[in-house]
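Data block below; observations after.
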Amino acid sequence: MLKVGILGGGQLGRMLLQAAANYPVETFVLENNEHCPAGHLCHYFTKGDIRNFDDVYNFGKGLDAITIEIESVNEDALEKLESEGVKVYPKPSALRIIKNKIKQKEFYKEHQVPTPAFVVTNNLDDLKAKSDFLPAVHKIGMGGYDGRGVQVIKTADDISRGFDAASVLEKLVNIHKEIAQIVAINDKGETAIYPPVDMVFDPLLNLLDYQISPADLPKETLWKIEAVAIKLVKELKTPGIFAVELFVDKQGEVFVNETAPRVHNSGHHTIEANYSSQFDMLWRVILGYPLGNTAHILPAAIVNLIGDNNHSGVANYQGLNDVLKMENVFVHIYGKSQTKPGRKMGHITILSKEKNDLVYTAHKIKQTIKVISK
Ligand code: ADP
């Protein structure tokens with residue numbers, strides 16, 4: 001059996017391991033905390049820091065392949081492992097491009113992947129000097145996540161909110177829809193593309209509010225999204241699974257916002273809603289099996305279970321009983337013992353042929369369930 005390691009034992013690692021149970025594979029997880037969501041689901045757990053060279057290198061040494069659940073890993077160690085014959089999904093070369101928003105944007109520009117116009121700023125003075133580029137969005141080059149490294153800078157008065165570090169200053173797009181497009185690509189360069197997802201954000205928390213799959217878009221826009229996502233993934237020259245996040249503006253133009261080189265929050269509905277889930281698909285890629293069928297069985301919506309704003313401590317899922325009584329609703333709780341404001345604690349998938357029903361039930365679920373502390 002192939003030995004495959006996952007860097008990170010959070011919810012994505014957990015769902016990957018749930019899918020791994022269907023395949024002949026021995027699984028290994030590296031994570032700092034043995035009580036992490038994925039800890040008890042792997043064959044072998046190693047306690048260690050995914051950002052530390054020695055920890056990653058020693059973890060990966062005897063393995064056949066390694067993958068990630070988050071970008072913030074030590075890619076120097078992955079590069080060394082790759083040079084010694086361990087297959088890495090995605091390749092460290094692609095990870096290096098994606099990890100740094102500046103490199104990522106430059107990569108899009110170089111490969112004619114449509115993306116909002118941008119300039120690079122090195123510090124706040126530099127940002128001030130480029131105020132003729134406003135209104136824009138300032139994005140820190142390294143270390144931003146879940147909206148934490150992003151600031152909208154509309155006028156010169158907002159400049160103090162910007163980052164005093166190497167960042168991208170990107171033109172503000174008049175967004176009609178935010179779309180996520182998941183694409184898988186195997187060692188042979190064959191691709192599989194999922195129906196695109198419409199992501200609706202919570203303007204306060206900047207975390208995904210709910211999402212609908214497939215996204216309701218004109219055919220021409222769908223074709224553009226598909227062409228852009230496939231080109232981008234091919235240009236990255238690595239097998240793996242990718243979530244390409246795009247903006248569709250009010251004119252129907254398509255721009256790539258960013259790419260995640262891994263399974264992604266925007267693909268969780270594929271567990272129930274599509275023939276081959278994003279997690280199943282990544283195992284097919286890593287283990288060298290045929291790519292799966294990405295078609296949807298039924299349209300789906302996802303609601304994230306987010307820690308309530310006023311609660312920190314041992315998690316309690318208030319209203320869970322009522323949600324479990326609903327039809328065609330699937331609850332995934334990630335097994336994090338502690339909740340805190342804004343923490344992703346789980347997600348709930350809704351299946352229905354009727355789009356109205358999906359949106360109605362998504363809102364109903366949001367009103368019914370709360371993650372509070374005991
Ligand atoms: P993160 O990597 O932290 O998720 P993103 O780059 O995806 O950050 O930005 C977070 C959100 O900010 C996006 O989902 C979008 O709503 C908004 N945003 C980002 N870039 C732009 C832009 N160029 N124009 C308008 N809104 C943007």
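For the structure tokens, the naming scheme is as follows: chains receive sequential letters (A, B, ...) according to their order of presentation, residues are indexed from 1 within each chain, and ligands are indexed from 1 in presentation order.
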Please give me, as an MDAnalysis selection string, the residues lying within 9 Å of ligand 1 when counting only C-alpha atoms and all ligand atoms.
chainID A and resid 101 115:118 136:139 144:152 169:175 178 199:201 203 206:208 245:247 255 257:260
Please list as a ChimeraX atom specification every residue within 10 Å of Phe53 of chain A, counting only C-alpha atoms and excluding residues in the same chain fewer than 2 positions away.
/A:49-51,55-59,73-78,80
Could you pull out the strand (DSSP E) residues of segment 190-303 of chain A, going by DSSP on the backbone, and write them as an MDAnalysis selection string?
chainID A and resid 191:193 197:201 208:213 240:249 254:260 300:303
From A:Ala94, A:Ala129, A:Ile348, A:Ile286, residue lying nearest Val4 of chain A [only C-alpha atoms]
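Among the listed residues, A:Ile286 lies closest to Val4 of chain A.
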Once you count only C-alpha atoms, what closest atom pair and distance in Å to one decimal does each residue of segment 19-43 of chain A within 12 Å of segment 288-298 of chain A have, with rows by chain and rising residue number, as a Markdown table?
| residue | atom | partner | partner_atom | distance |
| --- | --- | --- | --- | --- |
| A:Tyr23 | CA | A:Tyr289 | CA | 10.2 |
| A:Pro24 | CA | A:Tyr289 | CA | 11.3 |
| A:Val25 | CA | A:Gly288 | CA | 11.7 |
Given the selection you just returned, output its residues as a file containing all heavy atoms, formatted as an mmCIF file, in the first residue's frame.
data_model
loop_
_atom_site.group_PDB
_atom_site.id
_atom_site.type_symbol
_atom_site.label_atom_id
_atom_site.label_comp_id
_atom_site.auth_asym_id
_atom_site.auth_seq_id
_atom_site.Cartn_x
_atom_site.Cartn_y
_atom_site.Cartn_z
ATOM 1 N N TYR A 23 -9.909 3.652 0.050
ATOM 2 C CA TYR A 23 -8.795 3.305 -0.844
ATOM 3 C C TYR A 23 -7.714 2.520 -0.123
ATOM 4 O O TYR A 23 -7.545 2.646 1.095
ATOM 5 C CB TYR A 23 -8.176 4.598 -1.420
ATOM 6 C CG TYR A 23 -9.069 5.252 -2.443
ATOM 7 C CD1 TYR A 23 -9.849 6.362 -2.118
ATOM 8 C CD2 TYR A 23 -9.153 4.736 -3.731
ATOM 9 C CE1 TYR A 23 -10.684 6.951 -3.059
ATOM 10 C CE2 TYR A 23 -9.986 5.321 -4.676
ATOM 11 C CZ TYR A 23 -10.742 6.417 -4.335
ATOM 12 O OH TYR A 23 -11.567 6.975 -5.270
ATOM 13 N N PRO A 24 -6.941 1.726 -0.886
ATOM 14 C CA PRO A 24 -5.810 1.036 -0.279
ATOM 15 C C PRO A 24 -4.656 2.018 -0.095
ATOM 16 O O PRO A 24 -3.848 2.216 -0.996
ATOM 17 C CB PRO A 24 -5.471 -0.048 -1.321
ATOM 18 C CG PRO A 24 -5.950 0.496 -2.607
ATOM 19 C CD PRO A 24 -7.088 1.426 -2.318
ATOM 20 N N VAL A 25 -4.628 2.655 1.031
ATOM 21 C CA VAL A 25 -3.587 3.657 1.294
ATOM 22 C C VAL A 25 -3.333 3.702 2.802
ATOM 23 O O VAL A 25 -4.258 3.534 3.603
ATOM 24 C CB VAL A 25 -4.007 5.056 0.747
ATOM 25 C CG1 VAL A 25 -5.327 5.535 1.314
ATOM 26 C CG2 VAL A 25 -2.938 6.109 1.007
#
Can you pull out the residues contacting His268 of chain A? Cut-off 8 Å, using only C-alpha atoms, and skip same-chain residues under 4 positions away; I want them as a ChimeraX atom specification.
/A:264,277-278,302,349
Could those selected residues go to a file with N, CA, C and O atoms, as a CSV table (one decimal), in the first residue's frame?
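Saved the output as selection-v7.csv:
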chain,number,residue,atom,x,y,z
A,264,HIS,N,-10.8,22.5,-0.7
A,264,HIS,CA,-11.2,23.8,-0.3
A,264,HIS,C,-12.6,23.9,0.3
A,264,HIS,O,-13.4,23.0,-0.1
A,277,SER,N,-16.3,13.2,-4.9
A,277,SER,CA,-16.1,14.5,-4.1
A,277,SER,C,-14.7,15.0,-4.3
A,277,SER,O,-13.9,14.3,-4.9
A,278,GLN,N,-14.5,16.3,-3.9
A,278,GLN,CA,-13.1,16.8,-4.1
A,278,GLN,C,-12.1,16.0,-3.3
A,278,GLN,O,-10.9,15.9,-3.7
A,302,ILE,N,-24.3,25.2,0.9
A,302,ILE,CA,-23.6,24.9,2.1
A,302,ILE,C,-23.7,26.1,3.0
A,302,ILE,O,-23.6,27.3,2.6
A,349,THR,N,-24.6,20.7,4.6
A,349,THR,CA,-24.9,20.7,3.2
A,349,THR,C,-26.4,20.4,3.0
A,349,THR,O,-27.0,19.6,3.7
Would you mind listing what lies within 7 Å of segment 40-48 of chain A as an MDAnalysis selection string, with only C-alpha atoms counted and same-chain residues fewer than 3 positions away left out?
chainID A and resid 14 17 26:34 55
Give me a file of those residues, with N, CA, C and O atoms, as a PDB file, in the first residue's frame.
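Full text of part10.pdb as output:
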ATOM      1  N   ARG A  14      -9.191  16.074   7.940  1.00  0.00           N
ATOM      2  CA  ARG A  14     -10.201  15.130   8.457  1.00  0.00           C
ATOM      3  C   ARG A  14     -11.057  14.573   7.321  1.00  0.00           C
ATOM      4  O   ARG A  14     -11.258  13.367   7.202  1.00  0.00           O
ATOM      5  N   LEU A  17      -9.184  12.247   5.074  1.00  0.00           N
ATOM      6  CA  LEU A  17      -9.008  10.917   5.668  1.00  0.00           C
ATOM      7  C   LEU A  17     -10.302  10.116   5.632  1.00  0.00           C
ATOM      8  O   LEU A  17     -10.284   8.898   5.462  1.00  0.00           O
ATOM      9  N   GLU A  26      -2.061   3.897   3.145  1.00  0.00           N
ATOM     10  CA  GLU A  26      -1.706   4.071   4.555  1.00  0.00           C
ATOM     11  C   GLU A  26      -1.514   5.559   4.789  1.00  0.00           C
ATOM     12  O   GLU A  26      -0.742   6.199   4.058  1.00  0.00           O
ATOM     13  N   THR A  27      -2.192   6.115   5.781  1.00  0.00           N
ATOM     14  CA  THR A  27      -2.201   7.567   5.927  1.00  0.00           C
ATOM     15  C   THR A  27      -1.410   8.044   7.142  1.00  0.00           C
ATOM     16  O   THR A  27      -1.412   7.390   8.190  1.00  0.00           O
ATOM     17  N   PHE A  28      -0.769   9.194   6.969  1.00  0.00           N
ATOM     18  CA  PHE A  28       0.092   9.794   7.992  1.00  0.00           C
ATOM     19  C   PHE A  28      -0.290  11.275   8.112  1.00  0.00           C
ATOM     20  O   PHE A  28      -0.536  11.916   7.090  1.00  0.00           O
ATOM     21  N   VAL A  29      -0.317  11.777   9.327  1.00  0.00           N
ATOM     22  CA  VAL A  29      -0.629  13.207   9.514  1.00  0.00           C
ATOM     23  C   VAL A  29       0.450  13.852  10.373  1.00  0.00           C
ATOM     24  O   VAL A  29       0.889  13.277  11.374  1.00  0.00           O
ATOM     25  N   LEU A  30       0.867  15.057   9.951  1.00  0.00           N
ATOM     26  CA  LEU A  30       1.773  15.875  10.771  1.00  0.00           C
ATOM     27  C   LEU A  30       0.995  17.095  11.256  1.00  0.00           C
ATOM     28  O   LEU A  30       0.433  17.842  10.443  1.00  0.00           O
ATOM     29  N   GLU A  31       0.974  17.282  12.564  1.00  0.00           N
ATOM     30  CA  GLU A  31       0.226  18.408  13.139  1.00  0.00           C
ATOM     31  C   GLU A  31       0.718  18.615  14.579  1.00  0.00           C
ATOM     32  O   GLU A  31       1.096  17.666  15.257  1.00  0.00           O
ATOM     33  N   ASN A  32       0.682  19.848  15.010  1.00  0.00           N
ATOM     34  CA  ASN A  32       1.159  20.195  16.351  1.00  0.00           C
ATOM     35  C   ASN A  32       0.344  19.619  17.492  1.00  0.00           C
ATOM     36  O   ASN A  32       0.858  19.378  18.567  1.00  0.00           O
ATOM     37  N   ASN A  33      -0.936  19.449  17.234  1.00  0.00           N
ATOM     38  CA  ASN A  33      -1.848  19.097  18.313  1.00  0.00           C
ATOM     39  C   ASN A  33      -2.488  17.738  18.031  1.00  0.00           C
ATOM     40  O   ASN A  33      -3.209  17.579  17.041  1.00  0.00           O
ATOM     41  N   GLU A  34      -2.233  16.762  18.894  1.00  0.00           N
ATOM     42  CA  GLU A  34      -2.751  15.415  18.616  1.00  0.00           C
ATOM     43  C   GLU A  34      -4.273  15.334  18.753  1.00  0.00           C
ATOM     44  O   GLU A  34      -4.893  14.372  18.304  1.00  0.00           O
ATOM     45  N   ASP A  55      10.906  19.044  10.947  1.00  0.00           N
ATOM     46  CA  ASP A  55       9.674  18.291  11.224  1.00  0.00           C
ATOM     47  C   ASP A  55       9.066  17.769   9.927  1.00  0.00           C
ATOM     48  O   ASP A  55       8.657  16.609   9.831  1.00  0.00           O
TER      49      ASP A  55
END
Name the closest residue to His363 of chain A among the candidates A:Val183, A:Asn309, A:Gln18, A:Ile350; distances are taken between atoms, counting only C-alpha atoms.
A:Ile350
Please run DSSP on the backbone and report, as a count of residues only, all residues within segment 39-219 of chain A that come out as helix (DSSP H, G or I).
51
Find the residues near Gln11 of chain A: any atom within 7 Å, counting only C-alpha atoms, skip ones fewer than 5 places away on the same chain, and give them as a count of residues only.
3
Give me the residues within 12 Å of Ile97 of chain A as a list of chain:residue names, counting only C-alpha atoms and dropping any in the same chain fewer than 2 places off.
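Contacts, in chain order: A:Glu71, A:Glu75, A:Pro90, A:Lys91, A:Pro92, A:Ser93, A:Ala94, A:Leu95, A:Lys99, A:Asn100, A:Lys101, A:Ile102, A:Lys103, A:Gln104, A:Lys105, A:Glu106, A:Phe107, A:Tyr108, A:Gly141, A:Met142, A:Glu235, A:Leu236, A:Lys237, A:Thr238, A:Glu258, A:Thr259, A:Ala260, A:Pro261.
Atom CA of Val314 of chain A is positioned 24.5 Å from atom CA of Glu69 of chain A.
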Top pick for closest residue to Ile98 of chain A, considering A:Gly143, A:Pro195, A:Pro135, A:Gly342 and counting only C-alpha atoms:
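Closest residue, counting only C-alpha atoms: A:Gly143.
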Atom CA of Lys353 of chain A to atom CA of Asn274 of chain A: how many Å, to one decimal?
13.3 Å
My list of candidates is A:Ile193, A:Phe242, A:Leu282, A:Lys250. Which is closest to Trp223 of chain A when distances are computed with only C-alpha atoms?
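Using only C-alpha atoms, Trp223 of chain A sits closest to A:Ile193.
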Long-range neighbours of Thr191 of chain A as a ChimeraX atom specification, 9 Å cut-off, only C-alpha atoms, 4 positions minimum in chain
/A:183-186,230,233-234,291
So the first atom is atom CA of Thr361 of chain A and the second is atom CA of Thr339 of chain A; what is the distance between them in Å, to one decimal place?
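If I compute the distance from atom CA of Thr361 of chain A to atom CA of Thr339 of chain A, I get 24.1 Å.
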